[in-house]
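So the structure is just underneath, and the comments pick up after that.
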Amino acid sequence: MRISAINQTPTFGQKPNAKQMKLYTKSVNQGLKLLNKQVDLILHNASAPAIASENTGIGSLFSRTVINKLFPFLKEHGISGIQQEPNGLRKAKDNSPYAPESNAKNIFMIPLEKLASDEYNNILSKETFNKIVANNPDKNNVDYDYVRKSYNIALKEAFNNGKNTAEFAEFKQQNEARYEQSAIFHLLSELNTGKKWSALDKNLYSTADKSAAKKRINELKTQYKNDYDFYIFNQMILEKENEKSNKLAKKTGIKIIGDSPVAQTAVDEWVHQKLFLKGKAIGCPPDYFSKDGQRWGFKYYDPEKIFNKDGSLGEAGEVLKEKYEDYFASFPGGIRIDHVIGLIDPFIYTTSAKKMTPQNSGRIYSMEGKYQKHSLDEYAMLLTKIIIPAAEKYGLDKSSIICEDLGDATKPVQEIMKKLELSGISVTQFDHRGATTPAKNTIMIGSHDNQSFLEYVESKFKNVKDKSFMHKTKLLAEDTAPLGATTAEKKQYREALRKDKSKFIAASFAELFTSPAKRVQIFFTDLFGIAKTYNRPGTNKGNWSIRLGENFENEYYKAVAEGKAPNFAKVIATALRQRGLDKGNDELMKNLDDSAKILGES
């Protein structure tokens, strides 16, 4: 019985030559088709690579390096999607993409190298661009302070050179209404840094005095026209780049997947003040991971203003409808919904209370009171009346929606996910077993909220006698050994997983492909064998800054050879043998085995 496909430990790997790569790619795609798998990379824009001459300090999935180097690399390895972070404009001094200032797009996604080229009529001078690249203080991580300063300089120069064009005049005329509120909010935030906002400014779009509000808005647009137009100009660039990206997706087959945060934007909270619950916010209840619960501070729309009594959309429902339609319009690869639990059975707490108690917090749709829901159809209304129809409007079905359902998934959440056949998330670092993962789920080793897989492995191997590790390796051996392996062979295999990190790693990646799950996602630190944590929940320092290096391709092959990253030929061959799909596919199996060896040869 053959188990060597996963037990073989490589030494120094190499990239296949052109002929070998063609066969490798063909074999990997054939294997994925037999296994009925789609593979996505999870990579935030900021972490995207850039060649040295174009490294401005932060990455972008719109960049030339991504288009010319990363996309071809992913295609070679059978990866057909990239899931990015929420792309909303970030708050000043806040690096997190999960608490955005507005739904306007993140200006750091603008690829400056394109602005300094004929593609944009060189509206950014090469001198300024080269200076930003040369002064970049950190080539491997994002220095957000530097990026904020340098992008402000670069984008203002580009704006000054492009603001008088017919193109911008037309864009502003057609799109100003979309961006007015977020542009005014951003302008007021900068004008009032460290100061209190006036009563009128605080309630500019919600005051009863519409005449005074209109006068103030026009005053701001006139007095600060350059700043106001600058905001809209940046969005024009981003809209153009987004359109190009979607066209490229059709050509390359690699689609970008969006991410919808549970938080409403600061602009939404400012504009729609009357639509939110007063003195309340959404969070997580006390549990094993957080004894005091998690106080996120994100406002929650008044349920009575999301839906009217007859089930039609209320004012808040219309706002949410527009939000999700914008997402699906921007992302033909679909979207990930952050904390879908909060859309079905949200946990709401009183912000003035210092501690969560049953008296001041709870799941408002499950508690007695005016917001209580009485049927699954009522719990599911945000999904069935807003989100799924938004996907369908842009030609996408439910398989394009990834629901992050990790945490305290209550009974209504579990039943609705099952009833609507929505894709939840199974994270094997959280001891989700591949073999019991539903086919509709998305399976992964870890996400942006986990330590890197290599760090996780190191922690496990510090105590190989630990019961959880013993249990984990027992299941891994059962779930990734070839179909028909004897008890003795499985035992030998299991013991090897407990002694050799590279074999444990290989089996862990193979588990993703032996599982019933149709969608596999791999976080970029895990794909490239980077032993660093990207985000530590509950802290701000050092998060969201790790990047792929310019030589990411070489780093991948090196990590594969060292047993620190997935050898796709090997894990796919392992999965085919475990599921008995190797039978009758002798040529494919030979090609996969040969390719696996090439990546592990010295």
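Labels used: A, B, ... for chains in the order of the structure tokens, numbers from 1 for residues in each chain, and numbers from 1 for ligands as shown.
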Check the DSSP output for the backbone and give back, as an mmCIF file with C-alpha atoms, in the first residue's frame, the residues of region 239-352 of chain A in alpha helix (DSSP H).
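File produced: result-v4.cif:
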```cif
data_model
loop_
_atom_site.group_PDB
_atom_site.id
_atom_site.type_symbol
_atom_site.label_atom_id
_atom_site.label_comp_id
_atom_site.auth_asym_id
_atom_site.auth_seq_id
_atom_site.Cartn_x
_atom_site.Cartn_y
_atom_site.Cartn_z
ATOM 1 C CA GLU A 239 -13.217 52.816 -10.279
ATOM 2 C CA LYS A 240 -11.122 52.587 -13.449
ATOM 3 C CA GLU A 241 -8.726 50.112 -11.837
ATOM 4 C CA ASN A 242 -11.592 48.016 -10.482
ATOM 5 C CA GLU A 243 -13.137 47.831 -13.948
ATOM 6 C CA LYS A 244 -9.800 46.784 -15.456
ATOM 7 C CA SER A 245 -9.390 44.147 -12.738
ATOM 8 C CA ASN A 246 -12.787 42.629 -13.484
ATOM 9 C CA LYS A 247 -12.020 42.504 -17.210
ATOM 10 C CA LEU A 248 -8.692 40.850 -16.416
ATOM 11 C CA ALA A 249 -10.509 38.278 -14.264
ATOM 12 C CA LYS A 250 -12.424 37.095 -17.319
ATOM 13 C CA LYS A 251 -9.184 36.794 -19.249
ATOM 14 C CA THR A 252 -7.055 35.097 -16.581
ATOM 15 C CA ALA A 266 -18.238 55.872 10.198
ATOM 16 C CA VAL A 267 -19.971 57.748 7.373
ATOM 17 C CA ASP A 268 -23.061 55.530 7.610
ATOM 18 C CA GLU A 269 -23.210 56.102 11.362
ATOM 19 C CA TRP A 270 -22.950 59.874 10.781
ATOM 20 C CA VAL A 271 -25.412 60.164 7.894
ATOM 21 C CA PRO A 303 -34.572 46.242 13.211
ATOM 22 C CA GLU A 304 -37.869 48.106 12.787
ATOM 23 C CA LYS A 305 -36.129 50.377 10.273
ATOM 24 C CA ILE A 306 -34.551 47.521 8.335
ATOM 25 C CA GLU A 315 -35.098 53.025 5.214
ATOM 26 C CA ALA A 316 -32.186 51.123 6.787
ATOM 27 C CA GLY A 317 -32.972 48.132 4.593
ATOM 28 C CA GLU A 318 -32.600 50.292 1.502
ATOM 29 C CA VAL A 319 -29.202 51.475 2.751
ATOM 30 C CA LEU A 320 -28.088 47.879 3.245
ATOM 31 C CA LYS A 321 -29.448 46.867 -0.148
ATOM 32 C CA GLU A 322 -27.356 49.559 -1.841
ATOM 33 C CA LYS A 323 -24.292 48.497 0.160
ATOM 34 C CA TYR A 324 -24.485 44.834 -0.887
ATOM 35 C CA GLU A 325 -25.348 45.621 -4.488
ATOM 36 C CA ASP A 326 -22.197 47.758 -4.639
ATOM 37 C CA TYR A 327 -20.173 44.825 -3.308
ATOM 38 C CA PHE A 328 -21.447 42.317 -5.842
ATOM 39 C CA ALA A 329 -21.079 44.835 -8.653
ATOM 40 C CA SER A 330 -17.416 45.298 -7.727
ATOM 41 C CA ILE A 341 -24.047 35.542 12.846
ATOM 42 C CA GLY A 342 -24.596 39.274 13.290
ATOM 43 C CA LEU A 343 -26.938 39.310 10.288
ATOM 44 C CA ILE A 344 -29.044 36.440 11.592
#
```
Within region 277-461 of chain A, find each residue whose DSSP state, derived from the backbone, is strand (DSSP E or B), and express the selection as an NGL selection string.
:A and (280-284 or 294-298 or 301 or 307 or 313 or 335-337 or 347-350 or 361-363 or 401-403 or 423 or 425-427 or 442-444)
Take the residues from that selection and write them out as a PDB file, in the first residue's frame, keeping C-alpha atoms.
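Contents of out.pdb, as written:
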```pdb
ATOM      1  CA  LYS A 280     -26.334  49.914  21.657  1.00  0.00           C
ATOM      2  CA  ALA A 281     -23.595  48.152  19.697  1.00  0.00           C
ATOM      3  CA  ILE A 282     -22.896  44.722  18.264  1.00  0.00           C
ATOM      4  CA  GLY A 283     -20.304  42.386  19.761  1.00  0.00           C
ATOM      5  CA  CYS A 284     -19.784  38.851  21.029  1.00  0.00           C
ATOM      6  CA  GLN A 294     -16.023  41.364  22.921  1.00  0.00           C
ATOM      7  CA  ARG A 295     -17.210  44.985  22.782  1.00  0.00           C
ATOM      8  CA  TRP A 296     -16.715  45.941  19.155  1.00  0.00           C
ATOM      9  CA  GLY A 297     -18.451  49.289  19.404  1.00  0.00           C
ATOM     10  CA  PHE A 298     -20.128  48.972  15.984  1.00  0.00           C
ATOM     11  CA  TYR A 301     -29.480  49.344  12.657  1.00  0.00           C
ATOM     12  CA  PHE A 307     -37.921  45.949   7.498  1.00  0.00           C
ATOM     13  CA  LEU A 313     -37.530  47.172   3.057  1.00  0.00           C
ATOM     14  CA  ILE A 335     -17.918  38.197  -1.305  1.00  0.00           C
ATOM     15  CA  ARG A 336     -17.067  36.920   2.138  1.00  0.00           C
ATOM     16  CA  ILE A 337     -19.506  38.124   4.780  1.00  0.00           C
ATOM     17  CA  PHE A 347     -25.554  39.934  20.081  1.00  0.00           C
ATOM     18  CA  ILE A 348     -26.250  43.506  21.172  1.00  0.00           C
ATOM     19  CA  TYR A 349     -24.951  45.168  24.324  1.00  0.00           C
ATOM     20  CA  THR A 350     -25.481  48.493  26.104  1.00  0.00           C
ATOM     21  CA  SER A 361     -27.022  42.543  26.596  1.00  0.00           C
ATOM     22  CA  GLY A 362     -28.239  39.593  24.597  1.00  0.00           C
ATOM     23  CA  ARG A 363     -29.426  38.347  21.229  1.00  0.00           C
ATOM     24  CA  ILE A 401     -21.196  33.990  -0.830  1.00  0.00           C
ATOM     25  CA  ILE A 402     -18.773  32.821   1.874  1.00  0.00           C
ATOM     26  CA  CYS A 403     -20.280  33.236   5.340  1.00  0.00           C
ATOM     27  CA  SER A 423     -21.054  28.201   2.684  1.00  0.00           C
ATOM     28  CA  ILE A 425     -16.073  28.315   7.142  1.00  0.00           C
ATOM     29  CA  SER A 426     -14.206  25.341   8.600  1.00  0.00           C
ATOM     30  CA  VAL A 427     -10.793  26.197  10.054  1.00  0.00           C
ATOM     31  CA  THR A 442     -15.034  26.667   2.636  1.00  0.00           C
ATOM     32  CA  ILE A 443     -12.144  24.889   4.350  1.00  0.00           C
ATOM     33  CA  MET A 444      -8.839  26.449   5.371  1.00  0.00           C
TER      34      MET A 444
END
```
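For the set A:Ala481, A:Leu420, A:Leu454, A:Leu475, the residue with the smallest atom-to-atom gap to Lys564 (chain A) is A:Leu454, counting only C-alpha atoms.
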Long-range neighbours of Ser27 (chain A) as a PyMOL selection string, 8 Å cut-off, only C-alpha atoms, 2 positions minimum in chain
chain A and resi 23-25+29-31+569+588+591-592
Hey, what's within 10 Å of Asp345 (chain A) if we count only C-alpha atoms and toss same-chain stuff fewer than 6 positions away? As a ChimeraX atom specification, please?
/A:362-366,373,379-380,409-413
Written file, previous selection with N, CA, C and O atoms, as a PDB file, in the first residue's frame:
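Below you can see again-v3.pdb, which holds the result:
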```
ATOM      1  N   GLY A 362     -27.639  40.860  25.006  1.00  0.00           N
ATOM      2  CA  GLY A 362     -28.239  39.593  24.597  1.00  0.00           C
ATOM      3  C   GLY A 362     -28.546  39.588  23.106  1.00  0.00           C
ATOM      4  O   GLY A 362     -28.309  40.570  22.399  1.00  0.00           O
ATOM      5  N   ARG A 363     -29.074  38.490  22.642  1.00  0.00           N
ATOM      6  CA  ARG A 363     -29.426  38.347  21.229  1.00  0.00           C
ATOM      7  C   ARG A 363     -30.843  38.874  21.039  1.00  0.00           C
ATOM      8  O   ARG A 363     -31.823  38.210  21.368  1.00  0.00           O
ATOM      9  N   ILE A 364     -30.929  40.067  20.481  1.00  0.00           N
ATOM     10  CA  ILE A 364     -32.210  40.791  20.494  1.00  0.00           C
ATOM     11  C   ILE A 364     -33.303  40.100  19.698  1.00  0.00           C
ATOM     12  O   ILE A 364     -34.482  40.328  19.962  1.00  0.00           O
ATOM     13  N   TYR A 365     -32.938  39.268  18.727  1.00  0.00           N
ATOM     14  CA  TYR A 365     -33.976  38.592  17.958  1.00  0.00           C
ATOM     15  C   TYR A 365     -34.489  37.343  18.674  1.00  0.00           C
ATOM     16  O   TYR A 365     -35.523  36.790  18.289  1.00  0.00           O
ATOM     17  N   SER A 366     -33.751  36.904  19.693  1.00  0.00           N
ATOM     18  CA  SER A 366     -34.154  35.706  20.424  1.00  0.00           C
ATOM     19  C   SER A 366     -34.740  36.031  21.798  1.00  0.00           C
ATOM     20  O   SER A 366     -35.258  35.148  22.478  1.00  0.00           O
ATOM     21  N   LYS A 373     -37.978  37.475  16.978  1.00  0.00           N
ATOM     22  CA  LYS A 373     -38.404  36.783  15.759  1.00  0.00           C
ATOM     23  C   LYS A 373     -38.950  35.406  16.140  1.00  0.00           C
ATOM     24  O   LYS A 373     -38.518  34.810  17.123  1.00  0.00           O
ATOM     25  N   TYR A 379     -35.750  35.201  10.795  1.00  0.00           N
ATOM     26  CA  TYR A 379     -34.310  35.320  11.096  1.00  0.00           C
ATOM     27  C   TYR A 379     -33.488  35.497   9.814  1.00  0.00           C
ATOM     28  O   TYR A 379     -32.446  36.148   9.817  1.00  0.00           O
ATOM     29  N   ALA A 380     -33.970  34.925   8.733  1.00  0.00           N
ATOM     30  CA  ALA A 380     -33.193  34.896   7.494  1.00  0.00           C
ATOM     31  C   ALA A 380     -33.430  36.097   6.580  1.00  0.00           C
ATOM     32  O   ALA A 380     -32.844  36.177   5.502  1.00  0.00           O
ATOM     33  N   ALA A 409     -22.234  30.244  17.087  1.00  0.00           N
ATOM     34  CA  ALA A 409     -23.306  30.110  16.099  1.00  0.00           C
ATOM     35  C   ALA A 409     -24.524  29.507  16.788  1.00  0.00           C
ATOM     36  O   ALA A 409     -24.556  28.320  17.109  1.00  0.00           O
ATOM     37  N   THR A 410     -25.546  30.318  17.017  1.00  0.00           N
ATOM     38  CA  THR A 410     -26.743  29.868  17.726  1.00  0.00           C
ATOM     39  C   THR A 410     -27.569  28.937  16.841  1.00  0.00           C
ATOM     40  O   THR A 410     -27.316  28.801  15.646  1.00  0.00           O
ATOM     41  N   LYS A 411     -28.588  28.347  17.444  1.00  0.00           N
ATOM     42  CA  LYS A 411     -29.425  27.399  16.705  1.00  0.00           C
ATOM     43  C   LYS A 411     -30.054  28.032  15.464  1.00  0.00           C
ATOM     44  O   LYS A 411     -30.034  27.412  14.387  1.00  0.00           O
ATOM     45  N   PRO A 412     -30.617  29.243  15.543  1.00  0.00           N
ATOM     46  CA  PRO A 412     -31.164  29.850  14.315  1.00  0.00           C
ATOM     47  C   PRO A 412     -30.105  30.018  13.228  1.00  0.00           C
ATOM     48  O   PRO A 412     -30.402  29.813  12.044  1.00  0.00           O
ATOM     49  N   VAL A 413     -28.890  30.383  13.613  1.00  0.00           N
ATOM     50  CA  VAL A 413     -27.812  30.551  12.638  1.00  0.00           C
ATOM     51  C   VAL A 413     -27.511  29.224  11.959  1.00  0.00           C
ATOM     52  O   VAL A 413     -27.430  29.129  10.730  1.00  0.00           O
TER      53      VAL A 413
END
```
Residue contacts of Pro100 (chain A) (6 Å, only C-alpha atoms) excluding same-chain residues fewer than 6 positions away, as an MDAnalysis selection string:
chainID A and resid 88:91 265
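Atom to atom, CA of Glu176 (chain A) and CA of Leu188 (chain A) stand 17.1 Å apart.
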Have a look at A:Lys196, A:Lys221, A:Lys465, A:Lys105 and name the one nearest to Asn234 (chain A); count only C-alpha atoms.
A:Lys105
